[in-house]
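Structure first, then comments.
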Amino acid sequence: MIRTVKTACPLDCFDACGVIAEVEGDRILRIRGDREHPITRGALCKKVNSFLADRQYNPERITRPLLRAPGGSWQAIGWDEALDLAARKLGEARARHGSQAVLFHRGNGSFAALKCMVNRFFNLFGGATEAVGRYCAGEGDYGTRLAFGDCQIHDPLDLEAHTNLFLIWGRNPAVTNIHMMPVLKNARARGALAIVIDPVRTKTVRYADHAVHPRPGSDGFLALGMAKIILEQRPVDLDRLHAIGERTEAYLDLVRGVSLDTVATRTDLDRKTIEWLALEYFDRKPATILEGVGLQQYTRGHQTFQLIGALGVLSGNVGIPGGGVNLTNWPWREIRSPELLAETARTAPPRTLPVSQLAPALAGATDPPVTTALFMQTNFVNQMPDTAATKAALARLDFVICLDQFMTDTAETAHLFLPATTFLEEEDLVPAYGHHWMQLMQPVAPPLGEARSDLSILQALAHRLGFGPGMAGSAGWWIDEAVRPLRGTGLGYEALKAAGGRLWPAGQPQVPWAGGRFATPAGRFIFPDHMDDAEPVLATEAYPLHLIAQATTESMNSQILEAEQDGPLIAGVSPSAAARAGVSDGEMATLVSPRGRLQVRLRCDATLRPDLVVLPKGGWHKHGRNMNVLVEPRFTAGTGSAFNENFVRLEKV
């Protein structure tokens, strides 16, 4: 008999889709979109549509614990042996050097709420060393909070109904936010305009009215230039700006003082284009800005988001239906409360190391030294800069434990591999960062083979290490604990169950910042009062091409099938860039940076700016397809990494 089960997708994506699984016995036959979901409306991305074959039932998926033998080969072992060994190694490191001798890192392989229980585990352990760093939106989140006080977005359905102009700034929703595309389509059908601002001619451009391609990293200058034109040519309500903002006059002085010639030079856009953008944005009110991840992967990425936020407030497009400056919704800040994470249980002070600079950070961490590590929900060896140095640093540790489903670049650094469940095999809470609906992730089928949930693995380790009661409880009980700070909104495990697995938090507005009230301490928008452009990182004669990483429709970051990693990485360049290096379309070439070298096959693309080389992100290091061997390990103010602030040259093989 075939039954259907409703769940939700927790992949690192704006959309957090509603999912319906069709199951016979213990076998999942099919997954499809939930047509009743107000935002995702029955559609799933290519990655989830192929999830059963690509990940759930892929023969390469590992479903038994593995121990690395002295010669390097992997041997299957039982769970009791694996857990006893892991607990012993963690306990020995703590006994020898203190709890900070243990390093842990939790990535974003799943955005479900209970993945933060690893933080609770290590606080109860005594307080370990955490490798911290955001893979994508760290700088954007930080800059947005500096300006607005919090990350809040408009309900996409508000934009669909009211927006007259979409400025899609550094976002590629046709690939990374596909459920924004019906919103865009329906708004354009009633007359709204869509303009893409991106150095690359992305797939989204096909569904927009216009596209502007500035020099990478110049978006803060563009926001300042647009503000200057609006201030000079349109009736800005200065009294309101002073009433709702702090540092208002300093910001206005900054805008008045910027030279449009400087803006044009830095953005590589002519003044006519900058003026057209500014006036379209002001005159077509209500207008919304959809910000993307690529905007903020620079050492001063947070500043870009402050300046774009200020442009939104200056233009009068913030706090009104159809307007807004929208990056992400961020409910995890409340869910990951100090009580849930057991922060008072620590016996050692917090110690963090930047994951984007982990190799030098580990070398400098000597009091105590890091000897043992546990990684879950992450392939940071692949995803973070300077992969080779990171692998070498981890090889010097005494013992590494990795929880995963596949033998990734990160898993290969481990001594012990513990097989984890997929989202179709476990229960959790799925917030979203592209809309406001909270959803239950419900188990669709039993775990495959001997796989176990992250929570159950941590609970078993806690039992062996002597603090089992502090981690005990069902997933449903812990979901209730996670939403305790939001209990006034009607959220709770039983409430979600009763609602069919999905709730809109009571009191959550469709339009943030209405009435000019913000989440800053004084309730006022904080305008940027300066622009830090000292020692800008720019292309040089030795490294003239700006390296840009792009997400693909085929995979979520590094969740790429090994079978699909044969052959060299494909690098997109303009025909003129290829010609300067003496290389032709389809030929092999080498990308060289100050950090490393990578062989690629060229794909000449006449739509690309001549100063760019574009690579798909996520390729694995062990297959020679990892672009992060070229990337400098820069740790940014928002705990991110400046992935898009790297330069290469093209050489013939």
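Labels for the structure tokens follow display order: chains A, B, ..., residues from 1 in each chain, ligands from 1.
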Practice item. Pick out the residues sitting within 12 Å of Arg35 (chain A), and hand them over as an NGL selection string; count only C-alpha atoms, and ignore anything fewer than 3 positions along from it in its own chain. Key: :A and (6 or 17-20 or 32 or 38-44)
**Study point:** Residues near region 553-559 of chain A, cut-off 6 Å, only C-alpha atoms, skip fewer than 4 positions along chain, as a list in words
**Key:**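 With the cut-off at 6 Å, the set is Lys47, Val175 and Gly618 of chain A.
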What's the 9 Å shell around Ser574 (chain A), counting only C-alpha atoms, without same-chain residues fewer than 4 positions away, as a PDB file with N, CA and C atoms, in the first residue's frame?
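Contents of the output file around26.pdb:
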ATOM      1  N   ALA A 578      40.574  34.951 -23.663  1.00  0.00           N
ATOM      2  CA  ALA A 578      41.219  33.737 -24.163  1.00  0.00           C
ATOM      3  C   ALA A 578      42.284  34.082 -25.199  1.00  0.00           C
ATOM      4  N   ALA A 579      41.952  35.009 -26.084  1.00  0.00           N
ATOM      5  CA  ALA A 579      42.897  35.380 -27.141  1.00  0.00           C
ATOM      6  C   ALA A 579      44.162  36.000 -26.560  1.00  0.00           C
ATOM      7  N   ARG A 603      35.600  27.634 -21.899  1.00  0.00           N
ATOM      8  CA  ARG A 603      34.372  27.845 -22.661  1.00  0.00           C
ATOM      9  C   ARG A 603      34.269  29.341 -22.914  1.00  0.00           C
ATOM     10  N   CYS A 604      34.474  29.740 -24.153  1.00  0.00           N
ATOM     11  CA  CYS A 604      34.428  31.172 -24.482  1.00  0.00           C
ATOM     12  C   CYS A 604      32.976  31.627 -24.551  1.00  0.00           C
ATOM     13  N   ASP A 605      32.702  32.747 -23.912  1.00  0.00           N
ATOM     14  CA  ASP A 605      31.347  33.272 -23.797  1.00  0.00           C
ATOM     15  C   ASP A 605      31.394  34.770 -24.080  1.00  0.00           C
ATOM     16  N   ALA A 606      30.819  35.163 -25.193  1.00  0.00           N
ATOM     17  CA  ALA A 606      30.885  36.560 -25.619  1.00  0.00           C
ATOM     18  C   ALA A 606      30.089  37.484 -24.710  1.00  0.00           C
ATOM     19  N   THR A 607      29.209  36.932 -23.836  1.00  0.00           N
ATOM     20  CA  THR A 607      28.437  37.792 -22.933  1.00  0.00           C
ATOM     21  C   THR A 607      29.218  38.174 -21.690  1.00  0.00           C
ATOM     22  N   LEU A 608      30.371  37.540 -21.458  1.00  0.00           N
ATOM     23  CA  LEU A 608      31.132  37.809 -20.240  1.00  0.00           C
ATOM     24  C   LEU A 608      31.971  39.071 -20.371  1.00  0.00           C
ATOM     25  N   ARG A 609      32.095  39.782 -19.264  1.00  0.00           N
ATOM     26  CA  ARG A 609      33.033  40.894 -19.214  1.00  0.00           C
ATOM     27  C   ARG A 609      34.444  40.369 -19.496  1.00  0.00           C
ATOM     28  N   PRO A 610      35.290  41.155 -20.156  1.00  0.00           N
ATOM     29  CA  PRO A 610      36.636  40.671 -20.501  1.00  0.00           C
ATOM     30  C   PRO A 610      37.582  40.543 -19.317  1.00  0.00           C
ATOM     31  N   ASP A 611      37.158  41.010 -18.121  1.00  0.00           N
ATOM     32  CA  ASP A 611      38.026  40.913 -16.944  1.00  0.00           C
ATOM     33  C   ASP A 611      37.592  39.805 -15.991  1.00  0.00           C
ATOM     34  N   LEU A 612      36.758  38.870 -16.466  1.00  0.00           N
ATOM     35  CA  LEU A 612      36.236  37.816 -15.601  1.00  0.00           C
ATOM     36  C   LEU A 612      36.682  36.433 -16.047  1.00  0.00           C
ATOM     37  N   VAL A 613      36.763  35.529 -15.071  1.00  0.00           N
ATOM     38  CA  VAL A 613      36.742  34.096 -15.339  1.00  0.00           C
ATOM     39  C   VAL A 613      35.730  33.512 -14.370  1.00  0.00           C
TER      40      VAL A 613
END
Exercise for review: Quick one: pull the distance between CA of Met441 (chain A) and CA of Trp79 (chain A), Å, one decimal.
Suggested key: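 Straight-line distance from CA of Met441 (chain A) to CA of Trp79 (chain A) works out to 25.3 Å.
Every protein, DNA or RNA residue with an atom at most 9 Å from Gly582 (chain A), where only C-alpha atoms count and chain neighbours fewer than 4 positions away do not, is listed here: Ala577, Ala578, Glu651 and Lys652 of chain A.
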Residue subset to file, keeping C-alpha atoms, as a compact mmCIF listing (two decimals), in the first residue's frame:
# COMPACT_ATOMS: atom_id res chain seq x y z
CA ALA A 577 40.55 37.10 -22.54
CA ALA A 578 41.22 33.74 -24.16
CA GLU A 651 48.10 30.34 -19.16
CA LYS A 652 48.43 27.78 -21.90
Exercise for review: Identify which of the residues A:Thr328, A:Thr552, A:Gln377, A:Gln405 lies closest to Pro616 (chain A), counting only C-alpha atoms when measuring atom-to-atom distances.
Suggested key: A:Thr552
Review point. CA of Gly292 (chain A) to CA of His435 (chain A): how many Å, to one decimal?
Key: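 Interatomic distance here is 14.8 Å.
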Practice item. Select from region 93-337 of chain A everything DSSP, run on the backbone, classes as strand (DSSP E), then give the selection as a PyMOL selection string. Key: chain A and resi 102-106+129-132+165-169+193-197+210-212+245-246+287-291+325-326
**Study point:** alpha helix (DSSP H) residues, from DSSP on the backbone, in region 58-283 of chain A, as a ChimeraX atom specification
**Key:** /A:79-97,117-125,138-148,156-162,173-176,180-189,219-233,238-244,248-257,260-267,271-283
Review point. Which one is closest to Gly572 (chain A): A:Arg134, A:Arg201, A:Leu327, A:Leu222? Count only C-alpha atoms.
Key: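 Once distances to Gly572 (chain A) are computed over only C-alpha atoms, the minimum belongs to A:Arg201.
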Revision key, fill the gap. Restricting to only C-alpha atoms, whichever of A:Gly217, A:His105, A:Leu83, A:Ser593 is closest to Met117 (chain A) is A:His105
Practice item. Compile the contact shell of Glu334 (chain A) as a list in words: residues with an atom at most 8 Å away, counting only C-alpha atoms, same-chain residues fewer than 3 positions apart removed. Key: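 Near Glu334 (chain A), the qualifying residues are Pro331, Ser337, Val483, Pro485 and Leu486 of chain A.
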Selection export as a PDB file, in the first residue's frame, atoms kept: C-alpha atoms:
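And here is the file that came out, result_8.pdb:
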ATOM      1  CA  PRO A 331      14.820  33.225  12.579  1.00  0.00           C
ATOM      2  CA  SER A 337      19.039  30.491  22.270  1.00  0.00           C
ATOM      3  CA  VAL A 483      10.976  27.366  19.550  1.00  0.00           C
ATOM      4  CA  PRO A 485      11.677  31.905  22.547  1.00  0.00           C
ATOM      5  CA  LEU A 486       8.984  32.070  19.832  1.00  0.00           C
TER       6      LEU A 486
END
Check your understanding: Quick one: of A:Ala506, A:Val132, A:Ala147, A:Ile178, who's nearest to Gly312 (chain A), counting only C-alpha atoms?
Key ->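 The closest residue to Gly312 (chain A) is A:Ala147.
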Exercise for review: Rank A:Glu130, A:Asp404, A:Glu60, A:Glu92 by their smallest atom-to-atom distance to Ala361 (chain A), using only C-alpha atoms, and report the top residue only.
Suggested key: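 Ranked by minimum distance to Ala361 (chain A), first place goes to A:Glu130.
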Review point. In Å to one decimal, how far is CA of Phe104 (chain A) from CA of Ala76 (chain A)?
Key: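 Pair CA of Ala76 (chain A) / CA of Phe104 (chain A) returns 23.6 Å.
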Study note, to complete from the structure: If you count only C-alpha atoms, the residue of A:Tyr493, A:Phe111, A:Trp330, A:Phe518 closest to Pro10 (chain A) turns out to be A:Phe111
Practice item. Please provide as a list of chain:residue names all residues within 7 Å of Ala519 (chain A), with the sequence filter that same-chain residues fewer than 5 positions apart are discarded (counting only C-alpha atoms). Key: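 Selected residues are A:Phe148, A:Gly149, A:Asp150.
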